Every structure is written in structure tokens, then in C-alpha cells.
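Chemist: File protein-v5.json follows (JSON, C-alpha atoms):
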```
[["chain", "number", "residue", "atom", "x", "y", "z"],
["A", 1, "MET", "CA", -7.86, 10.50, 2.37],
["A", 2, "VAL", "CA", -7.41, 7.60, -0.02],
["A", 3, "THR", "CA", -7.98, 4.19, 1.53],
["A", 4, "ASN", "CA", -6.07, 1.17, 0.30],
["A", 5, "VAL", "CA", -6.98, -2.49, -0.01],
["A", 6, "THR", "CA", -3.98, -4.60, 0.88],
["A", 7, "GLN", "CA", -5.33, -8.13, 1.00],
["A", 8, "SER", "CA", -7.64, -10.16, -1.17],
["A", 9, "ALA", "CA", -10.92, -11.68, -0.12],
["A", 10, "SER", "CA", -12.35, -14.93, -1.38],
["A", 11, "ASN", "CA", -14.99, -14.78, -4.10],
["A", 12, "ASP", "CA", -17.40, -16.43, -1.67],
["A", 13, "ASP", "CA", -17.29, -13.29, 0.51],
["A", 14, "ALA", "CA", -18.36, -10.95, -2.27],
["A", 15, "PRO", "CA", -19.10, -12.57, -5.64],
["A", 16, "ALA", "CA", -18.26, -10.65, -8.79],
["A", 17, "GLY", "CA", -21.26, -8.78, -10.18],
["A", 18, "ARG", "CA", -22.83, -8.23, -6.75],
["A", 19, "ARG", "CA", -25.68, -5.72, -6.70],
["A", 20, "GLY", "CA", -24.98, -2.62, -4.64],
["A", 21, "THR", "CA", -26.21, 0.95, -4.75],
["A", 22, "ARG", "CA", -23.01, 2.79, -5.70],
["A", 23, "VAL", "CA", -20.77, 2.94, -8.78],
["A", 24, "ALA", "CA", -16.98, 2.74, -8.93],
["A", 25, "ALA", "CA", -14.45, 3.28, -11.70],
["A", 26, "PHE", "CA", -11.41, 0.99, -11.45],
["A", 27, "PHE", "CA", -8.28, 2.25, -13.21],
["A", 28, "ASP", "CA", -5.14, 0.26, -13.88],
["A", 29, "LEU", "CA", -2.12, 2.52, -13.38],
["A", 30, "ASP", "CA", 0.77, 1.78, -15.75],
["A", 31, "LYS", "CA", 0.12, 2.80, -19.38],
["A", 32, "THR", "CA", -3.50, 3.54, -18.46],
["A", 33, "ILE", "CA", -3.16, 6.55, -16.15],
["A", 34, "ILE", "CA", 0.58, 7.16, -16.51],
["A", 35, "ALA", "CA", 2.83, 6.70, -19.51],
["A", 36, "LYS", "CA", 5.33, 4.24, -18.01],
["A", 37, "SER", "CA", 5.81, 1.65, -15.28],
["A", 38, "SER", "CA", 5.25, 3.26, -11.89],
["A", 39, "THR", "CA", 7.73, 0.94, -10.19],
["A", 40, "LEU", "CA", 10.51, 1.40, -12.73],
["A", 41, "ALA", "CA", 9.96, 5.17, -12.77],
["A", 42, "PHE", "CA", 11.50, 5.38, -9.31],
["A", 43, "SER", "CA", 14.75, 3.62, -10.27],
["A", 44, "LYS", "CA", 16.83, 6.81, -10.21],
["A", 45, "PRO", "CA", 15.75, 8.10, -6.76],
["A", 46, "PHE", "CA", 16.13, 4.58, -5.35],
["A", 47, "PHE", "CA", 19.66, 4.53, -6.81],
["A", 48, "ASP", "CA", 20.40, 8.00, -5.41],
["A", 49, "GLN", "CA", 19.39, 6.78, -1.94],
["A", 50, "GLY", "CA", 21.55, 3.66, -2.20],
["A", 51, "LEU", "CA", 18.65, 1.22, -2.39],
["A", 52, "ILE", "CA", 19.72, -0.18, -5.76],
["A", 53, "ASN", "CA", 23.01, -0.28, -7.67],
["A", 54, "ARG", "CA", 23.86, 0.90, -11.17],
["A", 55, "ARG", "CA", 23.34, -2.55, -12.65],
["A", 56, "ALA", "CA", 19.80, -2.61, -11.28],
["A", 57, "VAL", "CA", 19.13, 0.82, -12.79],
["A", 58, "LEU", "CA", 20.28, -0.36, -16.21],
["A", 59, "LYS", "CA", 18.23, -3.53, -15.87],
["A", 60, "SER", "CA", 15.18, -1.47, -14.91],
["A", 61, "SER", "CA", 15.70, 0.83, -17.90],
["A", 62, "TYR", "CA", 15.82, -2.17, -20.22],
["A", 63, "ALA", "CA", 12.73, -3.64, -18.57],
["A", 64, "GLN", "CA", 10.95, -0.31, -19.09],
["A", 65, "PHE", "CA", 11.88, -0.38, -22.78],
["A", 66, "LEU", "CA", 10.41, -3.88, -23.17],
["A", 67, "PHE", "CA", 7.35, -2.85, -21.16],
["A", 68, "LEU", "CA", 6.63, 0.08, -23.49],
["A", 69, "LEU", "CA", 7.46, -1.92, -26.60],
["A", 70, "SER", "CA", 5.28, -4.95, -26.10],
["A", 71, "GLY", "CA", 3.34, -4.73, -22.85],
["A", 72, "ALA", "CA", 3.68, -7.27, -20.07],
["A", 73, "ASP", "CA", 2.31, -10.80, -20.39],
["A", 74, "HIS", "CA", 1.76, -13.30, -17.59],
["A", 75, "ASP", "CA", 5.32, -14.67, -17.59],
["A", 76, "GLN", "CA", 6.84, -11.17, -17.61],
["A", 77, "MET", "CA", 4.63, -10.13, -14.71],
["A", 78, "GLU", "CA", 5.69, -13.18, -12.72],
["A", 79, "ARG", "CA", 9.35, -12.47, -13.42],
["A", 80, "MET", "CA", 8.80, -8.86, -12.42],
["A", 81, "ARG", "CA", 7.26, -9.96, -9.13],
["A", 82, "ALA", "CA", 10.20, -12.23, -8.36],
["A", 83, "HIS", "CA", 12.71, -9.55, -9.35],
["A", 84, "ILE", "CA", 11.10, -6.81, -7.25],
["A", 85, "ALA", "CA", 10.67, -9.12, -4.24],
["A", 86, "SER", "CA", 14.31, -10.18, -4.37],
["A", 87, "MET", "CA", 15.62, -6.66, -4.97],
["A", 88, "THR", "CA", 13.73, -5.13, -2.04],
["A", 89, "ALA", "CA", 14.85, -7.65, 0.58],
["A", 90, "GLY", "CA", 16.38, -5.70, 3.45],
["A", 91, "TRP", "CA", 15.03, -2.31, 2.40],
["A", 92, "ASP", "CA", 13.73, -0.05, 5.15],
["A", 93, "VAL", "CA", 10.00, 0.55, 4.63],
["A", 94, "GLU", "CA", 10.02, 4.11, 5.93],
["A", 95, "GLN", "CA", 12.98, 5.01, 3.73],
["A", 96, "VAL", "CA", 11.11, 3.79, 0.66],
["A", 97, "ARG", "CA", 8.03, 5.79, 1.62],
["A", 98, "ALA", "CA", 10.15, 8.88, 2.21],
["A", 99, "VAL", "CA", 11.87, 8.58, -1.19],
["A", 100, "VAL", "CA", 8.51, 8.21, -2.94],
["A", 101, "ALA", "CA", 7.03, 11.17, -1.04],
["A", 102, "GLU", "CA", 9.99, 13.42, -1.84],
["A", 103, "THR", "CA", 10.13, 12.61, -5.55],
["A", 104, "LEU", "CA", 6.50, 11.75, -6.38],
["A", 105, "HIS", "CA", 5.46, 14.96, -8.08],
["A", 106, "ASN", "CA", 8.68, 15.45, -10.03],
["A", 107, "ILE", "CA", 8.61, 11.89, -11.36],
["A", 108, "VAL", "CA", 4.95, 10.97, -11.75],
["A", 109, "ASP", "CA", 3.21, 14.31, -12.33],
["A", 110, "PRO", "CA", 4.60, 14.78, -15.89],
["A", 111, "LEU", "CA", 3.65, 11.20, -16.80],
["A", 112, "VAL", "CA", -0.11, 11.45, -16.22],
["A", 113, "PHE", "CA", -2.13, 11.19, -19.42],
["A", 114, "ALA", "CA", -4.31, 14.29, -19.84],
["A", 115, "GLU", "CA", -7.08, 12.04, -21.15],
["A", 116, "ALA", "CA", -6.91, 9.89, -18.01],
["A", 117, "ALA", "CA", -7.04, 12.96, -15.77],
["A", 118, "ASP", "CA", -10.12, 14.18, -17.65],
["A", 119, "LEU", "CA", -11.78, 10.80, -17.36],
["A", 120, "ILE", "CA", -11.07, 10.56, -13.64],
["A", 121, "ALA", "CA", -12.51, 14.06, -13.17],
["A", 122, "ASP", "CA", -15.60, 13.06, -15.16],
["A", 123, "HIS", "CA", -16.24, 10.02, -12.97],
["A", 124, "LYS", "CA", -15.83, 12.16, -9.87],
["A", 125, "LEU", "CA", -18.30, 14.71, -11.22],
["A", 126, "ARG", "CA", -20.80, 11.90, -11.83],
["A", 127, "GLY", "CA", -20.49, 10.82, -8.21],
["A", 128, "HIS", "CA", -18.51, 7.66, -8.90],
["A", 129, "ASP", "CA", -15.74, 6.48, -6.60],
["A", 130, "VAL", "CA", -12.37, 6.24, -8.34],
["A", 131, "VAL", "CA", -10.12, 3.29, -7.50],
["A", 132, "VAL", "CA", -6.51, 2.88, -8.70],
["A", 133, "VAL", "CA", -5.59, -0.79, -9.15],
["A", 134, "SER", "CA", -1.99, -1.84, -9.76],
["A", 135, "ALA", "CA", 0.45, -4.71, -9.45],
["A", 136, "SER", "CA", 3.04, -2.17, -8.28],
["A", 137, "GLY", "CA", 3.79, -1.85, -4.57],
["A", 138, "ASP", "CA", 1.39, -0.09, -2.22],
["A", 139, "GLU", "CA", 4.15, 2.31, -1.11],
["A", 140, "ILE", "CA", 4.14, 3.69, -4.67],
["A", 141, "VAL", "CA", 0.51, 3.23, -5.71],
["A", 142, "HIS", "CA", -1.15, 4.75, -2.65],
["A", 143, "PRO", "CA", 0.54, 8.19, -2.88],
["A", 144, "ILE", "CA", -0.03, 8.30, -6.65],
["A", 145, "ALA", "CA", -3.73, 7.57, -6.04],
["A", 146, "GLU", "CA", -3.83, 10.42, -3.53],
["A", 147, "MET", "CA", -2.18, 12.75, -6.04],
["A", 148, "LEU", "CA", -4.84, 11.84, -8.59],
["A", 149, "GLY", "CA", -7.71, 12.39, -6.19],
["A", 150, "ALA", "CA", -8.77, 8.72, -6.14],
["A", 151, "ASP", "CA", -10.97, 7.40, -3.34],
["A", 152, "HIS", "CA", -9.22, 4.05, -2.89],
["A", 153, "SER", "CA", -6.17, 2.14, -4.10],
["A", 154, "MET", "CA", -5.42, -1.56, -4.46],
["A", 155, "ALA", "CA", -1.82, -2.67, -4.83],
["A", 156, "THR", "CA", 0.75, -5.38, -4.15],
["A", 157, "THR", "CA", 1.99, -5.60, -0.58],
["A", 158, "MET", "CA", 5.24, -7.06, 0.69],
["A", 159, "VAL", "CA", 5.96, -8.97, 3.89],
["A", 160, "THR", "CA", 7.82, -6.86, 6.42],
["A", 161, "VAL", "CA", 9.58, -7.75, 9.66],
["A", 162, "ASP", "CA", 10.81, -5.07, 12.06],
["A", 163, "GLY", "CA", 10.18, -2.37, 9.48],
["A", 164, "LYS", "CA", 12.12, -4.05, 6.67],
["A", 165, "TYR", "CA", 11.09, -6.03, 3.60],
["A", 166, "ILE", "CA", 12.13, -9.67, 3.69],
["A", 167, "GLY", "CA", 11.80, -10.37, -0.04],
["A", 168, "GLU", "CA", 8.39, -12.05, 0.06],
["A", 169, "VAL", "CA", 5.07, -10.96, -1.42],
["A", 170, "ASP", "CA", 2.10, -10.81, 0.92],
["A", 171, "PHE", "CA", -0.60, -10.01, -1.66],
["A", 172, "TYR", "CA", 0.02, -9.81, -5.41],
["A", 173, "CYS", "CA", -2.53, -7.44, -6.94],
["A", 174, "TYR", "CA", -2.51, -9.08, -10.33],
["A", 175, "GLY", "CA", -4.91, -11.13, -12.46],
["A", 176, "GLU", "CA", -7.61, -12.76, -10.38],
["A", 177, "GLY", "CA", -6.06, -11.12, -7.32],
["A", 178, "LYS", "CA", -7.32, -7.77, -8.61],
["A", 179, "VAL", "CA", -10.83, -9.22, -8.88],
["A", 180, "ASP", "CA", -10.67, -10.54, -5.33],
["A", 181, "ALA", "CA", -9.65, -7.09, -4.10],
["A", 182, "MET", "CA", -12.42, -5.48, -6.16],
["A", 183, "ASN", "CA", -14.98, -7.82, -4.65],
["A", 184, "SER", "CA", -13.73, -7.05, -1.17],
["A", 185, "LEU", "CA", -13.94, -3.31, -1.80],
["A", 186, "ALA", "CA", -17.39, -3.66, -3.36],
["A", 187, "ALA", "CA", -18.64, -5.44, -0.25],
["A", 188, "GLN", "CA", -17.21, -2.73, 1.99],
["A", 189, "HIS", "CA", -18.57, 0.22, 0.01],
["A", 190, "ASP", "CA", -21.76, -1.22, -1.52],
["A", 191, "TYR", "CA", -20.58, -1.02, -5.13],
["A", 192, "ASP", "CA", -22.66, -2.51, -7.90],
["A", 193, "LEU", "CA", -19.97, -4.06, -10.07],
["A", 194, "THR", "CA", -22.43, -4.63, -12.91],
["A", 195, "SER", "CA", -22.88, -0.85, -13.10],
["A", 196, "SER", "CA", -19.21, -0.04, -12.50],
["A", 197, "TYR", "CA", -16.34, 0.73, -14.89],
["A", 198, "ALA", "CA", -12.83, -0.63, -15.43],
["A", 199, "TYR", "CA", -9.94, 0.56, -17.59],
["A", 200, "SER", "CA", -6.72, -1.26, -18.46],
["A", 201, "ASP", "CA", -4.10, -1.68, -21.16],
["A", 202, "SER", "CA", -3.07, -5.30, -20.55],
["A", 203, "ILE", "CA", -4.38, -8.73, -21.51],
["A", 204, "THR", "CA", -3.47, -9.82, -17.97],
["A", 205, "ASP", "CA", -6.29, -7.58, -16.72],
["A", 206, "VAL", "CA", -9.09, -9.34, -18.60],
["A", 207, "PRO", "CA", -10.40, -10.76, -15.28],
["A", 208, "MET", "CA", -10.64, -7.21, -13.91],
["A", 209, "LEU", "CA", -12.38, -5.95, -17.04],
["A", 210, "ARG", "CA", -14.83, -8.84, -17.06],
["A", 211, "ALA", "CA", -15.74, -8.19, -13.41],
["A", 212, "VAL", "CA", -17.59, -4.97, -14.25],
["A", 213, "GLY", "CA", -20.47, -3.98, -16.47],
["A", 214, "HIS", "CA", -18.53, -1.29, -18.35],
["A", 215, "PRO", "CA", -15.03, -2.48, -19.33],
["A", 216, "THR", "CA", -12.78, -0.37, -21.56],
["A", 217, "ALA", "CA", -9.40, -1.15, -23.09],
["A", 218, "VAL", "CA", -6.96, 1.80, -22.90],
["A", 219, "ASN", "CA", -3.82, 1.77, -25.05],
["A", 220, "PRO", "CA", -4.29, -2.00, -25.29],
["A", 221, "ASP", "CA", -1.50, -4.43, -26.05],
["A", 222, "ARG", "CA", -2.05, -6.60, -29.10],
["A", 223, "ALA", "CA", -3.72, -9.44, -27.20],
["A", 224, "LEU", "CA", -6.10, -7.16, -25.32],
["A", 225, "ARG", "CA", -6.97, -5.27, -28.50],
["A", 226, "LYS", "CA", -7.99, -8.56, -30.08],
["A", 227, "GLU", "CA", -9.94, -9.57, -26.97],
["A", 228, "ALA", "CA", -11.69, -6.19, -26.76],
["A", 229, "ALA", "CA", -12.66, -6.33, -30.43],
["A", 230, "SER", "CA", -14.10, -9.83, -30.06],
["A", 231, "ARG", "CA", -16.14, -8.79, -27.00],
["A", 232, "GLY", "CA", -17.21, -5.42, -28.36],
["A", 233, "TRP", "CA", -15.46, -3.49, -25.61],
["A", 234, "PRO", "CA", -14.67, 0.19, -26.26],
["A", 235, "ILE", "CA", -11.04, 1.06, -26.98],
["A", 236, "LEU", "CA", -9.49, 4.38, -25.93],
["A", 237, "THR", "CA", -6.15, 5.84, -26.95],
["A", 238, "PHE", "CA", -4.38, 8.04, -24.38],
["A", 239, "SER", "CA", -1.29, 9.73, -25.82],
["A", 240, "ASN", "CA", -0.83, 13.10, -24.16],
["A", 241, "PRO", "CA", 1.12, 13.09, -20.88],
["A", 242, "VAL", "CA", 0.77, 16.58, -19.41],
["A", 243, "SER", "CA", 1.81, 17.76, -15.98],
["A", 244, "LEU", "CA", -1.17, 18.09, -13.68],
["A", 245, "ARG", "CA", 0.42, 21.17, -12.17],
["A", 246, "SER", "CA", 0.51, 22.85, -15.58],
["A", 247, "ARG", "CA", -3.23, 22.24, -15.95],
["A", 248, "ILE", "CA", -4.24, 23.30, -12.44],
["A", 249, "GLN", "CA", -3.06, 26.53, -10.87],
["A", 250, "THR", "CA", -3.54, 25.65, -7.18],
["A", 251, "PRO", "CA", -4.40, 22.01, -6.47],
["A", 252, "SER", "CA", -6.15, 21.39, -3.15],
["A", 253, "GLY", "CA", -4.67, 19.22, -0.46],
["A", 254, "ARG", "CA", -7.02, 16.27, -0.55],
["A", 255, "THR", "CA", -7.75, 15.75, -4.21],
["A", 256, "VAL", "CA", -6.31, 17.03, -7.44],
["A", 257, "ALA", "CA", -9.24, 15.71, -9.42],
["A", 258, "ALA", "CA", -11.81, 17.55, -7.33],
["A", 259, "SER", "CA", -9.88, 20.81, -7.76],
["A", 260, "ALA", "CA", -9.46, 20.09, -11.44],
["A", 261, "ALA", "CA", -13.21, 20.12, -12.00],
["A", 262, "ALA", "CA", -13.29, 23.91, -12.28],
["A", 263, "GLY", "CA", -10.35, 24.03, -14.66],
["A", 264, "PHE", "CA", -11.67, 21.22, -16.79],
["A", 265, "SER", "CA", -15.14, 22.78, -16.97],
["A", 266, "ALA", "CA", -13.65, 25.84, -18.65],
["A", 267, "LEU", "CA", -12.20, 23.59, -21.32],
["A", 268, "ALA", "CA", -15.35, 21.55, -21.74],
["A", 269, "ALA", "CA", -17.91, 24.33, -21.14],
["A", 270, "GLY", "CA", -19.40, 22.20, -18.43],
["A", 271, "ALA", "CA", -18.88, 18.70, -17.14],
["A", 272, "ILE", "CA", -16.50, 16.60, -19.19],
["A", 273, "THR", "CA", -18.33, 13.68, -20.67],
["A", 274, "TYR", "CA", -16.98, 10.24, -21.15],
["A", 275, "GLY", "CA", -18.34, 10.15, -24.68],
["A", 276, "LEU", "CA", -16.01, 12.99, -25.74],
["A", 277, "LEU", "CA", -13.01, 10.82, -24.87],
["A", 278, "ARG", "CA", -14.18, 7.63, -26.58],
["A", 279, "ARG", "CA", -12.24, 6.95, -29.74],
["A", 280, "LYS", "CA", -12.32, 3.50, -31.29],
["A", 281, "ARG", "CA", -9.65, 2.43, -33.68]]
```
Spell out the structure here as C-alpha cells.

Modeler:
Amino acid sequence: MVTNVTQSASNDDAPAGRRGTRVAAFFDLDKTIIAKSSTLAFSKPFFDQGLINRRAVLKSSYAQFLFLLSGADHDQMERMRAHIASMTAGWDVEQVRAVVAETLHNIVDPLVFAEAADLIADHKLRGHDVVVVSASGDEIVHPIAEMLGADHSMATTMVTVDGKYIGEVDFYCYGEGKVDAMNSLAAQHDYDLTSSYAYSDSITDVPMLRAVGHPTAVNPDRALRKEAASRGWPILTFSNPVSLRSRIQTPSGRTVAASAAAGFSALAAGAITYGLLRRKR
């Protein structure tokens, strides 16, 4: 079962670059593993269940267009946090989880980049823990991480009272907050961050990328592309969203990625190697 990190820890508890004995691969979610915003992808089922109105759906669609067009900078991410917090006030937590569970595979499964699925499978085959890291809510990120066969997830959490959201953010898994959560997880699981990997598309995730020894920009926005070029970081292009279910005949209960290993090996004539995916441009 995937475990999730829901609160940050101070850098004094587990400084970045700590030396452990294990390796982890930290993956941002939106535009790195999947082809669109994970939060905005659920606008329609949330509307169908009466959680949001038509105006909110249209606003989310427009936000998704801007997200795909230009990526999200710091100000956009802050506005997104405020918007989501305000919109969810009064929502029933269990209802949200139920909606996500019922619609997860239909919505998210076709959005997963084939290249990301291969890369996740490769890390698993090399014995690395896979961690999904996202500013989206834990109620969305955690089940997606389970679907992907990740070992852990780190996501934004909201304050709840009596089973309902009150419109306040408890932990925002964004920027330096991601690094704090990574440090906390590294301390718990003995990760060596200097030997670990991180993948992201956004300039806002430079702290996360700098926290590991092997950072890679995936589908980078303009600012991150420039940053990656100046630092000599590899750049990958993922462009082929393919349903996991179309690639795997019978996925196992616990982890799609573990089951995928056999299917992927037929395509790669053995273990898929990270080097086969690396394409600089």
C-alpha cells in the first residue's frame, strides 16, 4: 500500500542531501506523469456530484488551458491554492474520496504518459522507491500514486472539521514545502538524497530538483528549460499519453508498475533502461 506524507518537517530534522542507504525517485505529477492538471481533471465528476457549479467548471477549463499553454508560475500556484481552498469549503471529505475512487481510472488512466510509466517501471526494477509529489490534494494524489504503483505520495492537505473541509490549507506541498516533505520521508526510509532522482516540468520545482543528486526536467516550461540548460540537467520530452490498461492485460491489485514489468520487458527485451528514454533538445 502506498504511504503518504501529509505534513512537512523542518530542515533541521533531516537536512537535504542526507546520506542514507536507499535510493528514491521523486516524480511531480501534473505534466510530468500525466498530461494535464490532476485537480482540474476531476471538474466534471465534481460537477456531476453537485460539489461545484457550471461556472466553476468553465473556470477550471480555462485554468487548464492556461496551465497547458504556459505552465504555472509562483503567483498562479498561489492563486490556485486560494481558489481550491475557497471552493472546497463545506465539502464532505468522504464524498470527495468516493468520487475520485469511482472515476479515477476513467479520468486519469488515459492521461498517463507512456514514457513516464516506463520510467517508473525502470526505477522499480532497479530497486528504487517511487514517490509521487504534487501540490494537488492528497485525496486525488494518493489514489493516483496507488494506481501507478508508487511506494509513497506527498501532497497538499486541507484542514477538516467533523469530516468537512473548512477552506483552509494544512500543508501546501509546493516549492520548499516539497523539499521539507522529501527530507522527512528520507529520514523515515533512509534515503540518500544525493543518490536519488527527481523529475518535474515546472520552474517552481527547482528546490525539489536541487534537493537530489539526479535532477531531470520533463516537458519543462520556458523558465525551467533555461534553468536546466544552465545547470546541465537532462531534459526529457514525454508526449504519448496511453492508457495503462491498454498496455497491461491484467494489472495486479497492489501495483500497476510491478505488473507492468513483464509487459515492458517484452518491448525492451529486458529491463527498460533510463538511458533509452533520455532525449535532450

Chemist: Select, from A:Pro207, A:Pro110, A:Gly163, A:Gly213, the residue with the minimum atom-to-atom distance to A:Trp233, counting only C-alpha atoms.

Modeler: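 Using only C-alpha atoms, A:Trp233 sits closest to A:Gly213.
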
Chemist: Tell me which of A:Val108, A:Val218, A:Ala181, A:Ala35 sits closest to A:Ala145, counting all atoms listed in the file.

Modeler: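 Closest residue, counting all atoms listed in the file: A:Val108.
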
Chemist: Measuring atom to atom with all atoms listed in the file, identify which of A:Ala121, A:Ala25, A:Met147, A:Ala155 is nearest to A:Ala135.

Modeler: A:Ala155

Chemist: Interatomic distance between atom CA of A:Tyr199 and atom CA of A:Lys124?

Modeler: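 Separating atom CA of A:Tyr199 from atom CA of A:Lys124 is a distance of 15.1 Å.
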
Chemist: Which residue is closest to A:Ala89? Choose from A:Ile140, A:Val161, A:Met154, A:Val23 and count all atoms listed in the file.

Modeler: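 Going through A:Ile140, A:Val161, A:Met154, A:Val23 one by one, the smallest distance to A:Ala89 is for A:Val161.
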
Chemist: Hey, can you check how far atom CA of A:Asp129 sits from atom CA of A:His142?

Modeler: 15.2 Å

Chemist: Excluding same-chain residues fewer than 6 positions from A:Asp109, what lies within 9 Å of it counting only C-alpha atoms, as number ranges by chain?

Modeler: A: 34, 144, 147, 241-245

Chemist: Between A:Leu148, A:Ala229, A:Ala223, A:Leu125, which one has atoms that come closest to A:Val112, using all atoms listed in the file?

Modeler: A:Leu148
